[in-house]
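Visitor: One file: data-v1.pdb (PDB, C-alpha atoms and all ligand atoms).
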```pdb
ATOM      1  CA  SER E   1     -14.801  -5.098  15.753
ATOM      2  CA  ALA E   2     -11.490  -6.758  15.055
ATOM      3  CA  LYS E   3      -8.147  -5.256  16.016
ATOM      4  CA  ARG E   4      -6.186  -4.536  12.884
ATOM      5  CA  THR E   5      -2.415  -4.057  12.896
ATOM      6  CA  PRO E   6      -1.584  -0.639  11.417
ATOM      7  CA  LEU E   7       0.551  -0.746   8.270
ATOM      8  CA  MET E   8       2.865   2.007   7.079
ATOM      9  CA  ALA E   9       4.100   1.154   3.597
ATOM     10  CA  GLY E  10       6.685   3.245   1.764
ATOM     11  CA  ASN E  11       6.297   3.352  -2.016
ATOM     12  CA  TRP E  12       9.678   4.422  -3.360
ATOM     13  CA  LYS E  13       8.360   4.611  -6.920
ATOM     14  CA  SER E  14      11.161   4.798  -9.515
ATOM     15  CA  ASN E  15      13.806   6.073  -7.101
ATOM     16  CA  LEU E  16      17.042   4.764  -5.549
ATOM     17  CA  ASN E  17      19.508   2.247  -6.990
ATOM     18  CA  HIS E  18      20.358  -0.881  -5.000
ATOM     19  CA  GLN E  19      23.170   0.805  -3.065
ATOM     20  CA  GLU E  20      20.991   3.767  -2.088
ATOM     21  CA  ALA E  21      18.261   1.296  -1.158
ATOM     22  CA  VAL E  22      20.532  -0.425   1.358
ATOM     23  CA  VAL E  23      21.495   2.922   2.912
ATOM     24  CA  LEU E  24      17.846   3.945   3.288
ATOM     25  CA  VAL E  25      16.775   0.648   4.871
ATOM     26  CA  GLN E  26      19.739   0.805   7.277
ATOM     27  CA  LYS E  27      18.811   4.335   8.314
ATOM     28  CA  LEU E  28      15.171   3.348   8.689
ATOM     29  CA  ALA E  29      16.104   0.330  10.818
ATOM     30  CA  TRP E  30      18.244   2.613  12.996
ATOM     31  CA  THR E  31      15.361   5.059  13.391
ATOM     32  CA  LEU E  32      12.913   2.275  14.290
ATOM     33  CA  SER E  33      15.326   0.833  16.867
ATOM     34  CA  ASP E  34      15.420   4.083  18.878
ATOM     35  CA  LYS E  35      13.984   3.094  22.249
ATOM     36  CA  ARG E  36      13.156   6.708  23.104
ATOM     37  CA  HIS E  37      10.165   6.410  20.787
ATOM     38  CA  ASP E  38       7.190   4.065  20.843
ATOM     39  CA  TYR E  39       6.597   2.384  17.515
ATOM     40  CA  GLY E  40       3.907   0.250  19.077
ATOM     41  CA  LYS E  41       2.711  -2.664  17.017
ATOM     42  CA  VAL E  42       2.844  -0.873  13.696
ATOM     43  CA  GLU E  43       3.959  -2.933  10.726
ATOM     44  CA  VAL E  44       6.509  -1.164   8.531
ATOM     45  CA  ALA E  45       7.075  -2.091   4.893
ATOM     46  CA  VAL E  46       9.176  -0.696   2.056
ATOM     47  CA  LEU E  47       8.249  -1.095  -1.603
ATOM     48  CA  PRO E  48      11.454  -0.617  -3.627
ATOM     49  CA  PRO E  49      11.942  -0.947  -7.379
ATOM     50  CA  PHE E  50      12.370  -4.566  -8.554
ATOM     51  CA  THR E  51      16.105  -4.077  -9.031
ATOM     52  CA  ASP E  52      16.585  -3.231  -5.334
ATOM     53  CA  LEU E  53      14.674  -6.171  -3.907
ATOM     54  CA  ARG E  54      17.573  -8.622  -3.679
ATOM     55  CA  SER E  55      19.724  -6.106  -1.804
ATOM     56  CA  VAL E  56      16.887  -5.257   0.573
ATOM     57  CA  GLN E  57      16.242  -8.970   1.160
ATOM     58  CA  THR E  58      19.926  -9.563   1.992
ATOM     59  CA  LEU E  59      19.942  -6.695   4.500
ATOM     60  CA  VAL E  60      16.617  -7.595   6.131
ATOM     61  CA  ASP E  61      17.530 -11.291   6.451
ATOM     62  CA  GLY E  62      21.143 -10.675   7.487
ATOM     63  CA  ASP E  63      20.262  -8.196  10.221
ATOM     64  CA  ARG E  64      16.968  -9.920  11.127
ATOM     65  CA  LEU E  65      15.098  -6.665  10.630
ATOM     66  CA  SER E  66      11.368  -6.574  11.297
ATOM     67  CA  ILE E  67      10.885  -4.337   8.250
ATOM     68  CA  LYS E  68       8.868  -6.052   5.549
ATOM     69  CA  TYR E  69       9.196  -5.400   1.851
ATOM     70  CA  GLY E  70       7.365  -5.855  -1.373
ATOM     71  CA  ALA E  71       7.100  -4.791  -4.996
ATOM     72  CA  GLN E  72       5.291  -1.954  -6.733
ATOM     73  CA  ASP E  73       3.763  -4.090  -9.475
ATOM     74  CA  VAL E  74       3.576  -7.685 -10.704
ATOM     75  CA  SER E  75       3.010  -9.378 -14.026
ATOM     76  CA  GLU E  76      -0.457 -10.607 -14.920
ATOM     77  CA  HIS E  77       1.284 -13.706 -16.342
ATOM     78  CA  ASP E  78       2.687 -16.676 -14.457
ATOM     79  CA  GLY E  79       5.953 -16.527 -16.379
ATOM     80  CA  GLY E  80       7.222 -17.697 -19.757
ATOM     81  CA  ALA E  81       7.514 -15.772 -23.013
ATOM     82  CA  TYR E  82       6.694 -12.300 -21.625
ATOM     83  CA  THR E  83       9.859 -10.261 -22.114
ATOM     84  CA  GLY E  84      10.498  -7.773 -19.325
ATOM     85  CA  GLU E  85       7.782  -9.058 -17.003
ATOM     86  CA  ILE E  86       8.353  -9.964 -13.331
ATOM     87  CA  SER E  87       6.121 -12.785 -12.123
ATOM     88  CA  ALA E  88       4.524 -13.232  -8.712
ATOM     89  CA  ALA E  89       6.537 -16.421  -8.154
ATOM     90  CA  MET E  90       9.791 -14.477  -8.657
ATOM     91  CA  LEU E  91       8.738 -11.885  -6.087
ATOM     92  CA  ALA E  92       7.594 -14.500  -3.580
ATOM     93  CA  LYS E  93      10.940 -16.264  -3.949
ATOM     94  CA  LEU E  94      12.691 -12.994  -3.007
ATOM     95  CA  GLY E  95      10.718 -12.885   0.242
ATOM     96  CA  CYS E  96       8.254 -10.164  -0.742
ATOM     97  CA  SER E  97       5.330  -9.871   1.652
ATOM     98  CA  TYR E  98       3.401  -7.285  -0.371
ATOM     99  CA  VAL E  99       2.716  -6.297  -3.954
ATOM    100  CA  VAL E 100       1.111  -3.008  -4.934
ATOM    101  CA  VAL E 101      -1.449  -3.448  -7.694
ATOM    102  CA  GLY E 102      -3.314  -0.722  -9.528
ATOM    103  CA  HIS E 103      -1.362   2.293  -8.332
ATOM    104  CA  SER E 104      -2.858   5.384  -9.984
ATOM    105  CA  GLU E 105       0.407   6.019 -11.826
ATOM    106  CA  ARG E 106       0.105   2.592 -13.466
ATOM    107  CA  ARG E 107      -3.594   3.083 -14.165
ATOM    108  CA  GLU E 108      -2.800   6.450 -15.773
ATOM    109  CA  TYR E 109       0.544   5.901 -17.573
ATOM    110  CA  HIS E 110       0.154   2.199 -18.381
ATOM    111  CA  SER E 111      -3.606   2.101 -18.989
ATOM    112  CA  GLU E 112      -4.208  -0.480 -16.262
ATOM    113  CA  THR E 113      -7.880  -1.415 -15.962
ATOM    114  CA  ASP E 114      -9.748  -2.816 -12.973
ATOM    115  CA  GLN E 115      -9.788  -6.158 -14.776
ATOM    116  CA  LEU E 116      -5.991  -6.194 -15.104
ATOM    117  CA  VAL E 117      -5.588  -5.076 -11.492
ATOM    118  CA  ASN E 118      -7.926  -7.889 -10.470
ATOM    119  CA  THR E 119      -5.809 -10.441 -12.353
ATOM    120  CA  LYS E 120      -2.615  -9.112 -10.757
ATOM    121  CA  ALA E 121      -4.152  -9.213  -7.272
ATOM    122  CA  GLY E 122      -5.102 -12.836  -7.885
ATOM    123  CA  LYS E 123      -1.554 -13.693  -8.988
ATOM    124  CA  ALA E 124      -0.088 -12.080  -5.852
ATOM    125  CA  ILE E 125      -2.480 -14.012  -3.602
ATOM    126  CA  ALA E 126      -1.842 -17.298  -5.399
ATOM    127  CA  ALA E 127       1.906 -16.811  -4.806
ATOM    128  CA  GLY E 128       1.346 -16.220  -1.074
ATOM    129  CA  MET E 129       1.789 -12.454  -1.027
ATOM    130  CA  VAL E 130      -0.593  -9.726   0.120
ATOM    131  CA  PRO E 131      -1.778  -7.347  -2.585
ATOM    132  CA  ILE E 132      -2.092  -3.659  -1.754
ATOM    133  CA  VAL E 133      -4.962  -2.778  -4.073
ATOM    134  CA  CYS E 134      -4.998   0.931  -4.919
ATOM    135  CA  VAL E 135      -8.187   2.829  -5.698
ATOM    136  CA  GLY E 136      -9.124   6.510  -5.705
ATOM    137  CA  GLU E 137     -10.646   9.297  -7.728
ATOM    138  CA  GLY E 138      -9.176  12.163  -9.712
ATOM    139  CA  LEU E 139      -9.877  15.830  -9.153
ATOM    140  CA  GLU E 140     -12.770  16.119 -11.610
ATOM    141  CA  VAL E 141     -14.585  13.199 -10.029
ATOM    142  CA  ARG E 142     -14.042  14.695  -6.573
ATOM    143  CA  GLN E 143     -15.318  18.104  -7.707
ATOM    144  CA  ALA E 144     -18.402  16.438  -9.175
ATOM    145  CA  GLY E 145     -19.051  14.807  -5.788
ATOM    146  CA  GLU E 146     -18.797  11.327  -7.296
ATOM    147  CA  HIS E 147     -15.744  10.147  -5.325
ATOM    148  CA  VAL E 148     -17.507   7.452  -3.296
ATOM    149  CA  PRO E 149     -19.344   5.659  -6.149
ATOM    150  CA  PHE E 150     -16.297   6.039  -8.426
ATOM    151  CA  THR E 151     -13.934   4.514  -5.863
ATOM    152  CA  LEU E 152     -16.355   1.705  -4.967
ATOM    153  CA  ALA E 153     -16.721   0.808  -8.646
ATOM    154  CA  GLN E 154     -12.921   0.528  -8.884
ATOM    155  CA  LEU E 155     -12.958  -1.596  -5.727
ATOM    156  CA  ASP E 156     -15.653  -3.941  -7.070
ATOM    157  CA  GLY E 157     -13.781  -4.430 -10.334
ATOM    158  CA  SER E 158     -10.387  -4.847  -8.694
ATOM    159  CA  LEU E 159     -11.603  -7.444  -6.152
ATOM    160  CA  ALA E 160     -13.981  -9.344  -8.472
ATOM    161  CA  GLY E 161     -14.092 -13.081  -7.899
ATOM    162  CA  LEU E 162     -11.999 -13.093  -4.735
ATOM    163  CA  THR E 163     -13.327 -15.015  -1.728
ATOM    164  CA  ALA E 164     -14.304 -13.386   1.565
ATOM    165  CA  GLU E 165     -11.222 -14.926   3.154
ATOM    166  CA  GLN E 166      -8.943 -13.514   0.439
ATOM    167  CA  VAL E 167     -10.474 -10.052   0.695
ATOM    168  CA  GLY E 168     -10.179 -10.050   4.483
ATOM    169  CA  ALA E 169      -6.464 -10.795   4.194
ATOM    170  CA  LEU E 170      -5.575  -8.098   1.684
ATOM    171  CA  VAL E 171      -4.917  -4.373   1.902
ATOM    172  CA  VAL E 172      -6.850  -1.648   0.106
ATOM    173  CA  ALA E 173      -5.188   1.740  -0.336
ATOM    174  CA  TYR E 174      -7.499   4.691  -0.886
ATOM    175  CA  GLU E 175      -5.399   7.208  -2.760
ATOM    176  CA  PRO E 176      -7.216  10.213  -4.191
ATOM    177  CA  VAL E 177      -5.163  11.102  -7.266
ATOM    178  CA  TRP E 178      -5.346  14.831  -6.523
ATOM    179  CA  ALA E 179      -3.523  14.235  -3.232
ATOM    180  CA  ILE E 180      -0.664  12.101  -4.596
ATOM    181  CA  GLY E 181       2.637  13.933  -4.778
ATOM    182  CA  THR E 182       0.859  17.287  -4.658
ATOM    183  CA  GLY E 183       1.350  18.236  -1.021
ATOM    184  CA  GLU E 184      -2.442  18.479  -0.828
ATOM    185  CA  VAL E 185      -3.368  15.887   1.790
ATOM    186  CA  ALA E 186      -7.032  14.865   2.131
ATOM    187  CA  THR E 187      -8.589  15.990   5.388
ATOM    188  CA  PRO E 188      -9.025  13.215   7.954
ATOM    189  CA  ASP E 189     -12.801  13.503   7.420
ATOM    190  CA  ASP E 190     -12.486  13.141   3.645
ATOM    191  CA  ALA E 191     -10.157  10.148   3.991
ATOM    192  CA  GLN E 192     -12.413   8.538   6.610
ATOM    193  CA  GLU E 193     -15.517   9.006   4.439
ATOM    194  CA  VAL E 194     -14.132   6.926   1.580
ATOM    195  CA  CYS E 195     -12.256   4.391   3.739
ATOM    196  CA  ALA E 196     -15.494   3.739   5.679
ATOM    197  CA  ALA E 197     -17.401   3.338   2.404
ATOM    198  CA  ILE E 198     -14.791   0.813   1.236
ATOM    199  CA  ARG E 199     -15.186  -1.210   4.447
ATOM    200  CA  GLU E 200     -18.996  -1.069   4.183
ATOM    201  CA  ARG E 201     -18.858  -2.346   0.608
ATOM    202  CA  VAL E 202     -16.656  -5.241   1.736
ATOM    203  CA  ARG E 203     -19.213  -5.916   4.498
ATOM    204  CA  GLU E 204     -22.113  -5.988   2.009
ATOM    205  CA  VAL E 205     -20.327  -8.283  -0.430
ATOM    206  CA  HIS E 206     -18.188 -10.489   1.843
ATOM    207  CA  GLY E 207     -19.616 -10.190   5.351
ATOM    208  CA  ASP E 208     -18.465  -9.023   8.770
ATOM    209  CA  ALA E 209     -15.310 -11.107   9.155
ATOM    210  CA  ALA E 210     -13.783  -9.805   5.909
ATOM    211  CA  ALA E 211     -14.874  -6.214   6.610
ATOM    212  CA  ASP E 212     -13.452  -6.251  10.125
ATOM    213  CA  ALA E 213     -10.153  -7.776   8.968
ATOM    214  CA  VAL E 214      -9.400  -5.939   5.708
ATOM    215  CA  ARG E 215      -6.892  -3.145   6.204
ATOM    216  CA  VAL E 216      -7.725   0.115   4.482
ATOM    217  CA  LEU E 217      -4.865   2.591   4.071
ATOM    218  CA  TYR E 218      -4.955   6.226   3.103
ATOM    219  CA  GLY E 219      -2.371   7.561   0.647
ATOM    220  CA  GLY E 220      -1.651  11.032  -0.658
ATOM    221  CA  SER E 221       0.906  13.511   0.687
ATOM    222  CA  VAL E 222       1.154  11.820   4.086
ATOM    223  CA  LYS E 223       3.861  13.338   6.302
ATOM    224  CA  ALA E 224       4.903  12.997   9.935
ATOM    225  CA  ALA E 225       3.062  16.264  10.615
ATOM    226  CA  ASN E 226      -0.342  15.138   9.263
ATOM    227  CA  ILE E 227      -0.504  11.385   9.998
ATOM    228  CA  ALA E 228      -1.852  11.586  13.570
ATOM    229  CA  GLY E 229      -5.218  13.108  12.643
ATOM    230  CA  ILE E 230      -5.654  10.599   9.837
ATOM    231  CA  MET E 231      -4.872   7.617  12.084
ATOM    232  CA  GLU E 232      -7.435   8.783  14.647
ATOM    233  CA  ARG E 233     -10.222   7.915  12.237
ATOM    234  CA  PRO E 234     -11.743   4.476  12.857
ATOM    235  CA  ASP E 235     -11.636   3.046   9.334
ATOM    236  CA  ILE E 236      -8.079   4.090   8.431
ATOM    237  CA  ASP E 237      -5.527   1.384   9.256
ATOM    238  CA  GLY E 238      -2.342   2.995   8.012
ATOM    239  CA  ALA E 239      -0.819   4.816   5.088
ATOM    240  CA  LEU E 240       0.735   4.254   1.700
ATOM    241  CA  VAL E 241       3.503   6.842   1.631
ATOM    242  CA  GLY E 242       5.344   8.064  -1.460
ATOM    243  CA  GLY E 243       7.694  11.038  -1.204
ATOM    244  CA  ALA E 244       8.065  10.988   2.585
ATOM    245  CA  SER E 245       9.134   7.325   2.547
ATOM    246  CA  LEU E 246      12.449   8.325   0.927
ATOM    247  CA  GLN E 247      13.405  10.264   4.071
ATOM    248  CA  PRO E 248      14.082   7.909   6.988
ATOM    249  CA  ASP E 249      13.402  10.521   9.687
ATOM    250  CA  GLU E 250      10.135  11.567   8.076
ATOM    251  CA  PHE E 251       8.993   7.996   7.477
ATOM    252  CA  GLY E 252      10.036   7.128  11.030
ATOM    253  CA  GLY E 253       7.908  10.019  12.240
ATOM    254  CA  ILE E 254       4.956   8.571  10.327
ATOM    255  CA  CYS E 255       5.536   5.133  11.863
ATOM    256  CA  ARG E 256       5.364   6.554  15.409
ATOM    257  CA  PHE E 257       2.076   8.349  14.727
ATOM    258  CA  HIS E 258       0.482   7.480  18.060
TER     259      HIS E 258
HETATM  260  C1  LIG D 301       1.834   7.183  -3.516
HETATM  261  O1  LIG D 301       2.447   7.275  -4.553
HETATM  262  O2  LIG D 301       1.289   6.111  -3.212
HETATM  263  C2  LIG D 301       1.737   8.371  -2.635
HETATM  264  C3  LIG D 301       0.845   8.385  -1.690
HETATM  265  O3  LIG D 301       2.623   9.410  -2.887
HETATM  266  P1  LIG D 301       2.866  10.725  -1.960
HETATM  267  O4  LIG D 301       2.942  10.262  -0.538
HETATM  268  O5  LIG D 301       4.180  11.273  -2.455
HETATM  269  O6  LIG D 301       1.710  11.637  -2.199
END
```
Before anything else, please render the file you have as structure tokens.

Guide:
Amino acid sequence: SAKRTPLMAGNWKSNLNHQEAVVLVQKLAWTLSDKRHDYGKVEVAVLPPFTDLRSVQTLVDGDRLSIKYGAQDVSEHDGGAYTGEISAAMLAKLGCSYVVVGHSERREYHSETDQLVNTKAGKAIAAGMVPIVCVGEGLEVRQAGEHVPFTLAQLDGSLAGLTAEQVGALVVAYEPVWAIGTGEVATPDDAQEVCAAIRERVREVHGDAAADAVRVLYGGSVKAANIAGIMERPDIDGALVGGASLQPDEFGGICRFH
């Protein structure tokens, strides 16, 4: 099967103004430049609030950092009379590589449906960015043992209409809602079970090339102390990291998992 580059993506959520953002990226760059550690071929990305993106772009470009960056959401519209919306073209112009779509906090607090997430993923792709498509079940679904079918239904809806090539190039983040921000990390076996099911569904629908190329991340209370066991599992290609991504040493520890 294909060799996939691991991705560690830090979701800052609604934290840090543009000055604090610059400090964090500088500290992270310093951490990643420490030759005493092996960061291997891991790809590192930060996902700041929209208002920090220009400052992060200036720092990354000016210092030629290998850190990539992206946004936490994108408008379903191409632009125009949609007050307050940020379009995919605007984000692409700022040098964003990634856009998170369908984070559970947006599904929950902003009533985002699979259909909307699907539209947003399409807009990100059309603008030349890679969507990080978030899926994952809540506690009641997990307790009912329905986590695999629930998550695959979200996946089907969120990726509807995309080509095999488009699906192979994107990132799926499996984030069980009960593990996000709770300190309750999924076990490596639990994370592997659903990430493998996601890859198998991609294989059924889009074939081997897409399934072998698509990167599937785990997210939910990932820390430097628990990432190694998760990354040992064959179908987990990295992590979407919330709280720990605000601490450069901790996030650095996650990035040198191996
Ligand atoms: C997230 O919000 O995507 C996330 C995984 O958060 P945390 O790492 O804080 O659980």

Visitor: For the structure shown, which residues end up in the PyMOL selection byres (((not hetatm)) within 6 of (chain D and resi 301))? Put them as a list in words, please?

Guide: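 Output from the PyMOL selection byres (((not hetatm)) within 6 of (chain D and resi 301)), applied to this file: Asn11, Ala179, Ile180, Gly181, Gly219, Gly220, Ser221, Val222, Leu240, Val241, Gly242 and Gly243 of chain E.
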
Visitor: Any idea what's packed within 6 Å of segment 26-43 of chain E, counting only C-alpha atoms, ignoring anything in its chain fewer than 2 positions away? Could you give it as a PyMOL selection string?

Guide: chain E and resi 6-7+23-24+248+256

Visitor: Env of segment 142-156 of chain E: 8 Å cut, atoms = all atoms listed in the file, seq-sep filter 4 positions within chain, self excluded. Answer as an MDAnalysis selection string.

Guide: chainID E and resid 114 135:138 160 194 197:198 201

Visitor: Expressed in Å to a single decimal, how great is the separation between atom CA of Arg4 of chain E and atom CA of Pro188 of chain E?

Guide: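 Going from atom CA of Arg4 of chain E over to atom CA of Pro188 of chain E, I get 18.6 Å.
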
Visitor: Between atom CA of Glu193 of chain E and atom CA of Ser245 of chain E, what is the distance in Å, rounded to a tenth?

Guide: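 Separation of atom CA of Glu193 of chain E and atom CA of Ser245 of chain E: 24.8 Å.
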
Visitor: Pick out the closest residue to Lys223 of chain E from this set: E:Ala186, E:Lys120, E:Asp235, E:Cys195. Count all atoms listed in the file.

Guide: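 So, comparing all the options, the nearest one is E:Ala186.
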
Visitor: Give me, please, the distance in Å between atom CA of Val130 of chain E and atom CA of Tyr82 of chain E, quoted to one decimal.

Guide: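 If I compute the distance from atom CA of Val130 of chain E to atom CA of Tyr82 of chain E, I get 23.1 Å.
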
Visitor: For the point (2.8, 0.8, 6.0) in the file's frame, write as a list in words all residues with an atom no more than 7 Å away, counting only C-alpha atoms.

Guide: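 Taken together, the residues in range are Leu7, Met8, Ala9, Gly10, Glu43, Val44, Ala45, Gly238, Ala239 and Leu240 of chain E.
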
Visitor: Restricting the calculation to only C-alpha atoms: of E:Val60, E:Ile125, E:Val25, E:Val205, which residue gets closest to Gln166 of chain E?

Guide: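 Among E:Val60, E:Ile125, E:Val25, E:Val205, it is E:Ile125 that comes nearest to Gln166 of chain E.
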
Visitor: Written as JSON, numbers by chain, which residues does the PyMOL selection byres (((chain E and resi 56) around 12) and not hetatm) give for the file shown?

Guide: {"E": [16, 17, 18, 19, 20, 21, 22, 23, 24, 25, 26, 28, 29, 45, 46, 47, 48, 49, 50, 51, 52, 53, 54, 55, 57, 58, 59, 60, 61, 62, 63, 64, 65, 67, 68, 69, 70, 71, 94, 95, 96]}

Visitor: May I have the residues within 9 Å of segment 86-89 of chain E as a list in words, using all atoms listed in the file and disregarding those fewer than 4 positions away in the same chain?

Guide: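 So, after excluding close chain neighbours, the residues are Phe50, Asp73, Val74, Ser75, Glu76, His77, Asp78, Gly79, Tyr82, Lys93, Leu94, Val99, Lys120, Lys123, Ala124, Ile125, Ala126, Ala127, Gly128 and Met129 of chain E.
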
Visitor: Which residue gives the smallest distance to Gly168 of chain E among E:Glu112, E:Lys13, E:Asn226, E:Arg203, with all atoms listed in the file counted?

Guide: E:Arg203

Visitor: I would like the residues chosen by the PyMOL selection byres (((chain E and resi 162) around 10) and not hetatm) on the shown file; could you give them as a PDB file with C-alpha atoms, in the frame of the given file?

Guide:
```
ATOM      1  CA  ASN E 118      -7.926  -7.889 -10.470  1.00  0.00           C
ATOM      2  CA  ALA E 121      -4.152  -9.213  -7.272  1.00  0.00           C
ATOM      3  CA  GLY E 122      -5.102 -12.836  -7.885  1.00  0.00           C
ATOM      4  CA  ILE E 125      -2.480 -14.012  -3.602  1.00  0.00           C
ATOM      5  CA  SER E 158     -10.387  -4.847  -8.694  1.00  0.00           C
ATOM      6  CA  LEU E 159     -11.603  -7.444  -6.152  1.00  0.00           C
ATOM      7  CA  ALA E 160     -13.981  -9.344  -8.472  1.00  0.00           C
ATOM      8  CA  GLY E 161     -14.092 -13.081  -7.899  1.00  0.00           C
ATOM      9  CA  THR E 163     -13.327 -15.015  -1.728  1.00  0.00           C
ATOM     10  CA  ALA E 164     -14.304 -13.386   1.565  1.00  0.00           C
ATOM     11  CA  GLU E 165     -11.222 -14.926   3.154  1.00  0.00           C
ATOM     12  CA  GLN E 166      -8.943 -13.514   0.439  1.00  0.00           C
ATOM     13  CA  VAL E 167     -10.474 -10.052   0.695  1.00  0.00           C
ATOM     14  CA  GLY E 168     -10.179 -10.050   4.483  1.00  0.00           C
ATOM     15  CA  HIS E 206     -18.188 -10.489   1.843  1.00  0.00           C
TER      16      HIS E 206
END
```

Visitor: Check the smallest atom-to-atom distance from each of E:Val177, E:Ala196, E:Ala224, E:Leu217 to Glu105 of chain E using only C-alpha atoms, then report the winner.

Guide: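 Nearest to Glu105 of chain E: E:Val177.
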
Visitor: As a list of chain:residue names, please: the residues near segment 211-215 of chain E (cut-off 6 Å, all atoms listed in the file, same-chain neighbours under 6 positions excluded).

Guide: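 Returned residues: E:Ser1, E:Ala2, E:Gly168, E:Ala169, E:Leu170, E:Val171, E:Arg199, E:Val202, E:Arg203, E:Asp237.
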
Visitor: Mind writing the picked residues with C-alpha atoms as a PDB file, in the coordinates of the input?

Guide:
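Done, and the output landed in again.pdb:
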```pdb
ATOM      1  CA  SER E   1     -14.801  -5.098  15.753  1.00  0.00           C
ATOM      2  CA  ALA E   2     -11.490  -6.758  15.055  1.00  0.00           C
ATOM      3  CA  GLY E 168     -10.179 -10.050   4.483  1.00  0.00           C
ATOM      4  CA  ALA E 169      -6.464 -10.795   4.194  1.00  0.00           C
ATOM      5  CA  LEU E 170      -5.575  -8.098   1.684  1.00  0.00           C
ATOM      6  CA  VAL E 171      -4.917  -4.373   1.902  1.00  0.00           C
ATOM      7  CA  ARG E 199     -15.186  -1.210   4.447  1.00  0.00           C
ATOM      8  CA  VAL E 202     -16.656  -5.241   1.736  1.00  0.00           C
ATOM      9  CA  ARG E 203     -19.213  -5.916   4.498  1.00  0.00           C
ATOM     10  CA  ASP E 237      -5.527   1.384   9.256  1.00  0.00           C
TER      11      ASP E 237
END
```

Visitor: Let me have the centre and edge lengths in Å, one decimal, of the box along x, y and z around every listed atom of segment 218-231 of chain E with 5 Å of margin on each side, as JSON.

Guide:
```
{"center_x": -0.4, "center_y": 11.2, "center_z": 6.5, "size_x": 20.6, "size_y": 20.0, "size_z": 24.2}
```
